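Undergrad: Could you have a look at this structure, given as structure tokens, before my questions?
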Amino acid sequence: MAEAADNQGRSSSPARRWLRRTGALFAGAPLLAGLLQLSAAPDAHSVGKSSVAKATGSNTVDISLSSLTPSVPTDDDTLTVSGTVRNNGKQTVKSAHVGLRVGEALPSRTALDDATKRTGFDSYADGSEIGGKYVEEFSELVPGIAQSFSISVPVKKLDLGADGVYQLGVSLSGRTAAAPYDQVLGIQRTFLPWQPDMADTRTKTTYLWPLISTAHLTAETGAGEQQPPVFQDEELAEEISPGGRLDQMLSLGKELNITWVIDPDLLASVDAMTRSYQVKTESDTAGESDTTPGKNQAVAKRWLAQLEEAVQGEEVVALPFADPDLASLAHTGKNVTGSLSHLQDATDVAAITVETVLHVEPETDFSWPVNGAVDPSIIKIATSAGADKVIARSDSLKETGSLAYTPNAARPIGGGTTAVVADARLSTAFQGDMTQADNSTLAVQKFLGQSLMTQLQDADRQRSIVIAPQRMPSPSQAQTMAQALTALQGGNWSQFQKLSAAADAKPDPGATTKVPGASAYPSSLRKQELPRSAFEETQYTQSVLDRFKVILSDQSRVVTPFGRAMNREMSASWRGRAAEAKTYRDSVQSYLDTLTDQVRLIEKSETKLSGRSATIPVTVQNNLVQDVDKLVLRLTSMQPTRLEIDGEDYAEQTITVSGGHSQSVKFDTNAHANGEVKVVAQLYTEDGQKYGDPVRFDVNVTELTPTVMLVIAGGVLLLVLAGFRMYTQRKRAAARQAEEEATAEEASDADVPLAHESGEESPGRSGADEPEHPSDPAPDTARESTDPSGTGERVDR
């Protein structure tokens, strides 16, 4: 903010300032005398110089403040300061006491910062001690041993003057063996806001209360028709369980005047946990993931019910789903085609998610870059999805004018866009380690002091101030924030205002509206951004999903979980966790690959075709729980001159396969030549994109050509004719044999036997038939037959 405004704070009267300075000089006199004595000491004491110097320094004793109540006192209050003292020196401190010192009212916000950084005792700035009975004494402080204290003093005894922020010092005075005189050996400074009466013009203050977490839901769903969601772990259940971070954020927030800023992904994740869900586990040495049923449904239902009750009638700002890293998108993601579409999707689904889960209508026209750091490209991306208000921070959109006060948060920066500039000092007040009570106490008082100092810069001018703390406060940070806000609400200089009202407030004419250039963007933040490869991997996942979804009968069961998972891949919560971000992206892609592989072609071995025409079956398997349709199966012959598919080089069929089933698709083929032909089966989506891996196999064609068939047919005919000839020959031979046997029977039935017995010649036989001599040979050839020749029989001519 404008440092010119820092010199406008109030201070006490001149007489009071003179008295304090005089008292401080007297209080510092013993210390000055001691220092002079030490400088004149003989060399015999030089051995103990370092220990003496340490023992007499004002940093010897460490003072920690565990509480300061009330944080914003009034005239009738009693201020109680408690804490511990620890002697860090090597010598025992004796005759010690703890007292309070009230310095002058600080003149500016910068002076308040400087007072926080200052170490050691400053007699002028720290003022005189409020003595008397308002101290706590210690007979001795042994080195290394902490002792507690508590001092209560009526506020009227502090002698506070005009409204302002006073430095309150808690000091320990005592003596050591090396310096046997009273001296300040330790001091801790804090701040006391003093505004006993209601201010005529109170500052309108907006405090953002973020409910944001990291990514917990995966893109995976369990097996079966119900397909329960799968969580990476049970860390979200721990956050929303009693005592968890988000549970405390909710419990504290519902008692405060705040604007809720919610990541819809958190609501969707907790809502998913209210029903059946699974949690990933590492099951074996191979690293394969397994799941186990989640058991925190009751915890999720309780937290959501309490949140829904808390936000009724309150302002709720919905960030784009999963809180995308706008700076990463602006600096690297925009160069990857399709990345910005995810921001649009995340914005579109934000309001629907909040309305569905919490039943309230959220504000969706706000974008919140990390730490409120902006440059022109971030502004352009932040408003590309419809938002017209960007939550920036004053250490990014710095004041360059001469305003004497902190201006309103709203700034028109052109193009119809409003930058809502959060105060950097107030927004970063609780980013440290708030688990230590002294850190928490100091943070609360400093926050309240800066808030009052802002109002006092120009007490008659109405201002609208916005405070945007860290996105994911720890439990201790949230508790400290709540303590400070409670005190602020009880103060007399501030009043609550919604974020939408702060954005609509009239801008200060002299406030800066120029967005800093890209070179002004902090290098520490740039180093934490998502790399270009992250957006390229997300876009590759999107391309695979696009090919996959078109074949599904119910696309929403896959598109929705993967779409939200890709939103989570771009979340600002991955800053500082590059390895975890990479693991998450890989798991999303791996699961998508697993799903797409559920629809595939079954491998085929060599296929043999006998004959000129035949069919080739190809099997498509669907192991999904839903049907797939509009899937095209193409069968291609790599040598169409030898083997055609449906008379062409290739053939296609559109198929539908029921969930959990396989289907065989048959293609007609025509062979023109024998031998092996390579064939490729490939699935395609309806728009011609390849789906899955192809299946390649050989078709062994054993088709018989017409010439071969003619030769074989002639051979068969010859075999048939030869068989017929043999059949007829045998039949005729059998007929002759039967005739001869019949003639012989007739001769045997005549008188031939009687003629033989009498030695006479048988009648009916001529002498020419008998040989002339018993020794004459038979005729050289048989009797010539008059029957026609048989087929194929050789005939001598």
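Ordered as shown in the structure tokens, chains take letters A, B, and onward, while each chain numbers its residues from 1 and ligands are numbered from 1 in the order shown.
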Taking a cut-off of 10 Å and counting only C-alpha atoms, can you build a table that, for each residue of range 591-629 of chain A near range 658-674 of chain A, reports the nearest atom pair and how far apart they are in Å (one decimal), sorted by chain then residue number, as CSV?

TA:
residue,atom,partner,partner_atom,distance
A:Gln598,CA,A:Gly660,CA,9.3
A:Val599,CA,A:Ser662,CA,9.3
A:Arg600,CA,A:Ser662,CA,9.6
A:Leu601,CA,A:Ser662,CA,9.4
A:Ile602,CA,A:Ser662,CA,9.2
A:Leu609,CA,A:Ala671,CA,8.4
A:Ser610,CA,A:Ala671,CA,9.2
A:Gly611,CA,A:Ala671,CA,7.7
A:Arg612,CA,A:Ala671,CA,5.1
A:Ser613,CA,A:Asn670,CA,4.7
A:Ala614,CA,A:Thr669,CA,5.4
A:Thr615,CA,A:Asp668,CA,4.5
A:Ile616,CA,A:Phe667,CA,5.2
A:Pro617,CA,A:Lys666,CA,4.3
A:Val618,CA,A:Val665,CA,5.2
A:Thr619,CA,A:Ser664,CA,4.1
A:Val620,CA,A:Gln663,CA,5.3
A:Gln621,CA,A:Ser662,CA,4.2
A:Asn622,CA,A:His661,CA,5.5
A:Asn623,CA,A:Gly660,CA,4.5
A:Leu624,CA,A:Gly659,CA,5.3
A:Val625,CA,A:Gly659,CA,4.8
A:Gln626,CA,A:Gly659,CA,4.5
A:Asp627,CA,A:Ser658,CA,4.3
A:Val628,CA,A:Ser658,CA,6.5
A:Asp629,CA,A:Ser658,CA,8.5

Undergrad: For N, CA and C atoms, I'd like the residues from the last selection saved as a PDB file, in the first residue's frame.

TA:
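The resulting file, result_24.pdb, is reproduced below:
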ATOM      1  N   GLN A 598     -10.352 -52.877 -22.558  1.00  0.00           N
ATOM      2  CA  GLN A 598     -11.442 -53.819 -22.300  1.00  0.00           C
ATOM      3  C   GLN A 598     -12.253 -54.104 -23.563  1.00  0.00           C
ATOM      4  N   VAL A 599     -12.140 -53.235 -24.539  1.00  0.00           N
ATOM      5  CA  VAL A 599     -12.788 -53.438 -25.838  1.00  0.00           C
ATOM      6  C   VAL A 599     -11.672 -53.670 -26.843  1.00  0.00           C
ATOM      7  N   ARG A 600     -11.575 -54.893 -27.328  1.00  0.00           N
ATOM      8  CA  ARG A 600     -10.423 -55.211 -28.175  1.00  0.00           C
ATOM      9  C   ARG A 600     -10.737 -56.384 -29.094  1.00  0.00           C
ATOM     10  N   LEU A 601      -9.856 -56.568 -30.053  1.00  0.00           N
ATOM     11  CA  LEU A 601      -9.933 -57.706 -30.959  1.00  0.00           C
ATOM     12  C   LEU A 601      -9.197 -58.886 -30.355  1.00  0.00           C
ATOM     13  N   ILE A 602      -9.748 -60.073 -30.534  1.00  0.00           N
ATOM     14  CA  ILE A 602      -9.091 -61.288 -30.058  1.00  0.00           C
ATOM     15  C   ILE A 602      -8.034 -61.705 -31.080  1.00  0.00           C
ATOM     16  N   LEU A 609      -7.926 -71.360 -45.934  1.00  0.00           N
ATOM     17  CA  LEU A 609      -9.109 -71.309 -46.782  1.00  0.00           C
ATOM     18  C   LEU A 609      -8.968 -72.355 -47.888  1.00  0.00           C
ATOM     19  N   SER A 610      -9.933 -73.271 -48.007  1.00  0.00           N
ATOM     20  CA  SER A 610      -9.971 -74.268 -49.072  1.00  0.00           C
ATOM     21  C   SER A 610     -11.188 -73.967 -49.937  1.00  0.00           C
ATOM     22  N   GLY A 611     -10.925 -73.631 -51.134  1.00  0.00           N
ATOM     23  CA  GLY A 611     -12.024 -73.282 -52.017  1.00  0.00           C
ATOM     24  C   GLY A 611     -11.911 -71.847 -52.473  1.00  0.00           C
ATOM     25  N   ARG A 612     -12.654 -71.554 -53.468  1.00  0.00           N
ATOM     26  CA  ARG A 612     -12.574 -70.222 -54.057  1.00  0.00           C
ATOM     27  C   ARG A 612     -13.226 -69.164 -53.190  1.00  0.00           C
ATOM     28  N   SER A 613     -14.284 -69.477 -52.497  1.00  0.00           N
ATOM     29  CA  SER A 613     -15.000 -68.544 -51.629  1.00  0.00           C
ATOM     30  C   SER A 613     -15.088 -69.133 -50.237  1.00  0.00           C
ATOM     31  N   ALA A 614     -14.920 -68.229 -49.220  1.00  0.00           N
ATOM     32  CA  ALA A 614     -15.004 -68.677 -47.831  1.00  0.00           C
ATOM     33  C   ALA A 614     -15.271 -67.456 -46.952  1.00  0.00           C
ATOM     34  N   THR A 615     -15.520 -67.662 -45.650  1.00  0.00           N
ATOM     35  CA  THR A 615     -15.730 -66.577 -44.681  1.00  0.00           C
ATOM     36  C   THR A 615     -14.629 -66.604 -43.638  1.00  0.00           C
ATOM     37  N   ILE A 616     -14.247 -65.405 -43.186  1.00  0.00           N
ATOM     38  CA  ILE A 616     -13.245 -65.266 -42.130  1.00  0.00           C
ATOM     39  C   ILE A 616     -13.923 -64.634 -40.925  1.00  0.00           C
ATOM     40  N   PRO A 617     -13.951 -65.294 -39.776  1.00  0.00           N
ATOM     41  CA  PRO A 617     -14.550 -64.700 -38.568  1.00  0.00           C
ATOM     42  C   PRO A 617     -13.504 -63.901 -37.782  1.00  0.00           C
ATOM     43  N   VAL A 618     -13.902 -62.739 -37.251  1.00  0.00           N
ATOM     44  CA  VAL A 618     -13.073 -61.917 -36.373  1.00  0.00           C
ATOM     45  C   VAL A 618     -13.892 -61.629 -35.119  1.00  0.00           C
ATOM     46  N   THR A 619     -13.292 -61.829 -33.937  1.00  0.00           N
ATOM     47  CA  THR A 619     -14.027 -61.703 -32.677  1.00  0.00           C
ATOM     48  C   THR A 619     -13.662 -60.417 -31.950  1.00  0.00           C
ATOM     49  N   VAL A 620     -14.683 -59.680 -31.523  1.00  0.00           N
ATOM     50  CA  VAL A 620     -14.519 -58.460 -30.733  1.00  0.00           C
ATOM     51  C   VAL A 620     -15.004 -58.749 -29.322  1.00  0.00           C
ATOM     52  N   GLN A 621     -14.146 -58.416 -28.325  1.00  0.00           N
ATOM     53  CA  GLN A 621     -14.476 -58.690 -26.927  1.00  0.00           C
ATOM     54  C   GLN A 621     -14.753 -57.378 -26.197  1.00  0.00           C
ATOM     55  N   ASN A 622     -15.823 -57.329 -25.410  1.00  0.00           N
ATOM     56  CA  ASN A 622     -16.181 -56.163 -24.599  1.00  0.00           C
ATOM     57  C   ASN A 622     -16.278 -56.587 -23.142  1.00  0.00           C
ATOM     58  N   ASN A 623     -15.273 -56.219 -22.343  1.00  0.00           N
ATOM     59  CA  ASN A 623     -15.277 -56.546 -20.922  1.00  0.00           C
ATOM     60  C   ASN A 623     -15.766 -55.406 -20.046  1.00  0.00           C
ATOM     61  N   LEU A 624     -16.300 -54.349 -20.674  1.00  0.00           N
ATOM     62  CA  LEU A 624     -16.890 -53.258 -19.910  1.00  0.00           C
ATOM     63  C   LEU A 624     -18.237 -53.701 -19.355  1.00  0.00           C
ATOM     64  N   VAL A 625     -18.740 -52.930 -18.389  1.00  0.00           N
ATOM     65  CA  VAL A 625     -20.058 -53.252 -17.839  1.00  0.00           C
ATOM     66  C   VAL A 625     -21.175 -52.604 -18.652  1.00  0.00           C
ATOM     67  N   GLN A 626     -20.833 -51.830 -19.658  1.00  0.00           N
ATOM     68  CA  GLN A 626     -21.854 -51.225 -20.513  1.00  0.00           C
ATOM     69  C   GLN A 626     -21.616 -51.629 -21.955  1.00  0.00           C
ATOM     70  N   ASP A 627     -22.679 -51.457 -22.769  1.00  0.00           N
ATOM     71  CA  ASP A 627     -22.589 -51.815 -24.183  1.00  0.00           C
ATOM     72  C   ASP A 627     -21.718 -50.813 -24.927  1.00  0.00           C
ATOM     73  N   VAL A 628     -21.132 -51.293 -26.017  1.00  0.00           N
ATOM     74  CA  VAL A 628     -20.418 -50.402 -26.937  1.00  0.00           C
ATOM     75  C   VAL A 628     -21.086 -50.499 -28.299  1.00  0.00           C
ATOM     76  N   ASP A 629     -21.214 -49.385 -28.948  1.00  0.00           N
ATOM     77  CA  ASP A 629     -21.819 -49.370 -30.278  1.00  0.00           C
ATOM     78  C   ASP A 629     -21.095 -48.334 -31.135  1.00  0.00           C
TER      79      ASP A 629
END

Undergrad: Go through range 380-495 of chain A residue by residue and, counting only C-alpha atoms, keep those with an atom at most 8 Å from range 357-369 of chain A; for each kept residue give the shortest atom pair and its distance in Å to one decimal, ordered by chain and increasing number, as a tab-separated table.

TA:
residue	atom	partner	partner_atom	distance
A:Ala382	CA	A:Ser367	CA	5.8
A:Thr383	CA	A:Ser367	CA	7.4
A:Gly386	CA	A:Asp365	CA	6.7
A:Ala387	CA	A:Asp365	CA	4.0
A:Asp388	CA	A:Asp365	CA	5.7
A:Lys389	CA	A:Phe366	CA	4.8
A:Val390	CA	A:Ser367	CA	4.8
A:Ile391	CA	A:Trp368	CA	4.9
A:Ala392	CA	A:Trp368	CA	7.1

Undergrad: Now that the selection is made, can you save its residues with C-alpha atoms as a tab-separated table (two decimals), in the first residue's frame?

TA:
chain	number	residue	atom	x	y	z
A	382	ALA	CA	-8.41	-15.71	-15.42
A	383	THR	CA	-11.19	-13.95	-17.29
A	386	GLY	CA	-16.34	-15.90	-17.80
A	387	ALA	CA	-15.03	-14.40	-14.56
A	388	ASP	CA	-14.80	-10.61	-14.56
A	389	LYS	CA	-13.23	-10.14	-11.11
A	390	VAL	CA	-9.70	-11.20	-10.24
A	391	ILE	CA	-8.52	-11.41	-6.64
A	392	ALA	CA	-5.02	-9.88	-6.70

Undergrad: Could you name the residues that touch Ala534 in chain A at 9 Å or less, counting only C-alpha atoms, but leaving out those on the same chain fewer than 6 positions away, as a PyMOL selection string?

TA: chain A and resi 333+569-570+581-582+585

Undergrad: Tell me which of A:Asp126, A:Asp163, A:Glu220, A:Glu648 sits closest to Leu595 in chain A, counting only C-alpha atoms.

TA: A:Glu220

Undergrad: Find the residues of range 118-164 of chain A that sit at most 8 Å from range 54-75 of chain A; for each, write down the nearest two atoms and how far apart they are in Å, to one decimal. Count only C-alpha atoms. Sort by chain, then by number going up, and give it as CSV.

TA:
residue,atom,partner,partner_atom,distance
A:Thr119,CA,A:Asn59,CA,7.8
A:Gly120,CA,A:Ser58,CA,5.3
A:Phe121,CA,A:Ser58,CA,5.8
A:Val155,CA,A:Asp75,CA,5.8
A:Lys156,CA,A:Asp75,CA,5.9

Undergrad: With a distance cut-off of 12 Å and only C-alpha atoms, select the neighbouring residues of Thr406 in chain A, excluding the residue or stretch itself and same-chain residues fewer than 6 positions from it, and output the selection as a ChimeraX atom specification.

TA: /A:1-8,108-109,203,394,398-400,421-425,450-459,461-466,507-508,510-512

Undergrad: Please determine, counting only C-alpha atoms, which residue among A:Thr205, A:Thr347, A:Thr281, A:Gln639 has the shortest atom-to-atom distance to Val230 in chain A.

TA: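 Going through A:Thr205, A:Thr347, A:Thr281, A:Gln639 one by one, the smallest distance to Val230 in chain A is for A:Thr281.
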
Undergrad: So that I can check the secondary structure, give me every residue of range 88-318 of chain A assigned strand (DSSP E or B) by backbone DSSP, as a ChimeraX atom specification.

TA: /A:93-105,129-130,136-141,143,146-154,164-175,183-194,203-211,217-221,229-231,259-262,278-282,289-293,316-318

Undergrad: Can you pull out every residue within 9 Å of range 139-144 of chain A, counting only C-alpha atoms, but drop anything in the same chain fewer than 5 positions away, and send it as a PyMOL selection string?

TA: chain A and resi 85-97+174

Undergrad: Quick one: write out the picked residues with N, CA and C atoms as a PDB file, in the first residue's frame?

TA:
ATOM      1  N   VAL A  85      10.236 -17.014  30.327  1.00  0.00           N
ATOM      2  CA  VAL A  85      11.561 -16.430  30.148  1.00  0.00           C
ATOM      3  C   VAL A  85      12.584 -17.559  30.233  1.00  0.00           C
ATOM      4  N   ARG A  86      13.622 -17.471  29.406  1.00  0.00           N
ATOM      5  CA  ARG A  86      14.678 -18.484  29.401  1.00  0.00           C
ATOM      6  C   ARG A  86      16.034 -17.778  29.314  1.00  0.00           C
ATOM      7  N   ASN A  87      16.896 -18.119  30.258  1.00  0.00           N
ATOM      8  CA  ASN A  87      18.230 -17.543  30.284  1.00  0.00           C
ATOM      9  C   ASN A  87      19.112 -18.309  29.306  1.00  0.00           C
ATOM     10  N   ASN A  88      19.496 -17.658  28.232  1.00  0.00           N
ATOM     11  CA  ASN A  88      20.351 -18.287  27.226  1.00  0.00           C
ATOM     12  C   ASN A  88      21.833 -18.002  27.450  1.00  0.00           C
ATOM     13  N   GLY A  89      22.135 -17.236  28.465  1.00  0.00           N
ATOM     14  CA  GLY A  89      23.530 -16.941  28.738  1.00  0.00           C
ATOM     15  C   GLY A  89      24.209 -18.043  29.535  1.00  0.00           C
ATOM     16  N   LYS A  90      25.471 -17.782  29.911  1.00  0.00           N
ATOM     17  CA  LYS A  90      26.238 -18.777  30.656  1.00  0.00           C
ATOM     18  C   LYS A  90      26.292 -18.489  32.152  1.00  0.00           C
ATOM     19  N   GLN A  91      25.768 -17.321  32.552  1.00  0.00           N
ATOM     20  CA  GLN A  91      25.787 -16.940  33.953  1.00  0.00           C
ATOM     21  C   GLN A  91      24.366 -16.838  34.483  1.00  0.00           C
ATOM     22  N   THR A  92      24.200 -17.137  35.748  1.00  0.00           N
ATOM     23  CA  THR A  92      22.900 -17.039  36.386  1.00  0.00           C
ATOM     24  C   THR A  92      22.512 -15.570  36.526  1.00  0.00           C
ATOM     25  N   VAL A  93      21.259 -15.281  36.216  1.00  0.00           N
ATOM     26  CA  VAL A  93      20.715 -13.939  36.369  1.00  0.00           C
ATOM     27  C   VAL A  93      20.028 -13.862  37.718  1.00  0.00           C
ATOM     28  N   LYS A  94      20.390 -12.853  38.502  1.00  0.00           N
ATOM     29  CA  LYS A  94      19.817 -12.703  39.843  1.00  0.00           C
ATOM     30  C   LYS A  94      19.067 -11.393  39.938  1.00  0.00           C
ATOM     31  N   SER A  95      18.191 -11.353  40.989  1.00  0.00           N
ATOM     32  CA  SER A  95      17.383 -10.155  41.250  1.00  0.00           C
ATOM     33  C   SER A  95      16.648  -9.719  39.980  1.00  0.00           C
ATOM     34  N   ALA A  96      16.050 -10.691  39.292  1.00  0.00           N
ATOM     35  CA  ALA A  96      15.396 -10.423  38.008  1.00  0.00           C
ATOM     36  C   ALA A  96      13.915 -10.144  38.198  1.00  0.00           C
ATOM     37  N   HIS A  97      13.370  -9.407  37.250  1.00  0.00           N
ATOM     38  CA  HIS A  97      11.922  -9.200  37.227  1.00  0.00           C
ATOM     39  C   HIS A  97      11.486  -8.916  35.793  1.00  0.00           C
ATOM     40  N   GLY A 174      17.732  -7.564  35.261  1.00  0.00           N
ATOM     41  CA  GLY A 174      18.396  -8.323  36.309  1.00  0.00           C
ATOM     42  C   GLY A 174      19.880  -8.063  36.326  1.00  0.00           C
TER      43      GLY A 174
END

Undergrad: Within 9 Å of Pro293 in chain A, counting only C-alpha atoms, which residues qualify if same-chain residues fewer than 4 places away don't, as JSON, numbers by chain?

TA: {"A": [276, 277, 278, 279, 280]}

Undergrad: Mind giving me the straight-line distance from CA of Phe149 in chain A to CA of Val98 in chain A in Å, one decimal?

TA: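 Distance reported for this atom pair: 7.7 Å.
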
Undergrad: Would you kindly return, as number ranges by chain, each protein, DNA or RNA residue with an atom no farther than 10 Å from any atom of range 249-256 of chain A, considering only C-alpha atoms and excluding same-chain residues fewer than 6 positions away?

TA: A: 207, 209-211, 239-240, 242-243, 303-304, 306-307, 309-311, 314, 472-475, 477-479, 481-483, 485-486, 489, 496
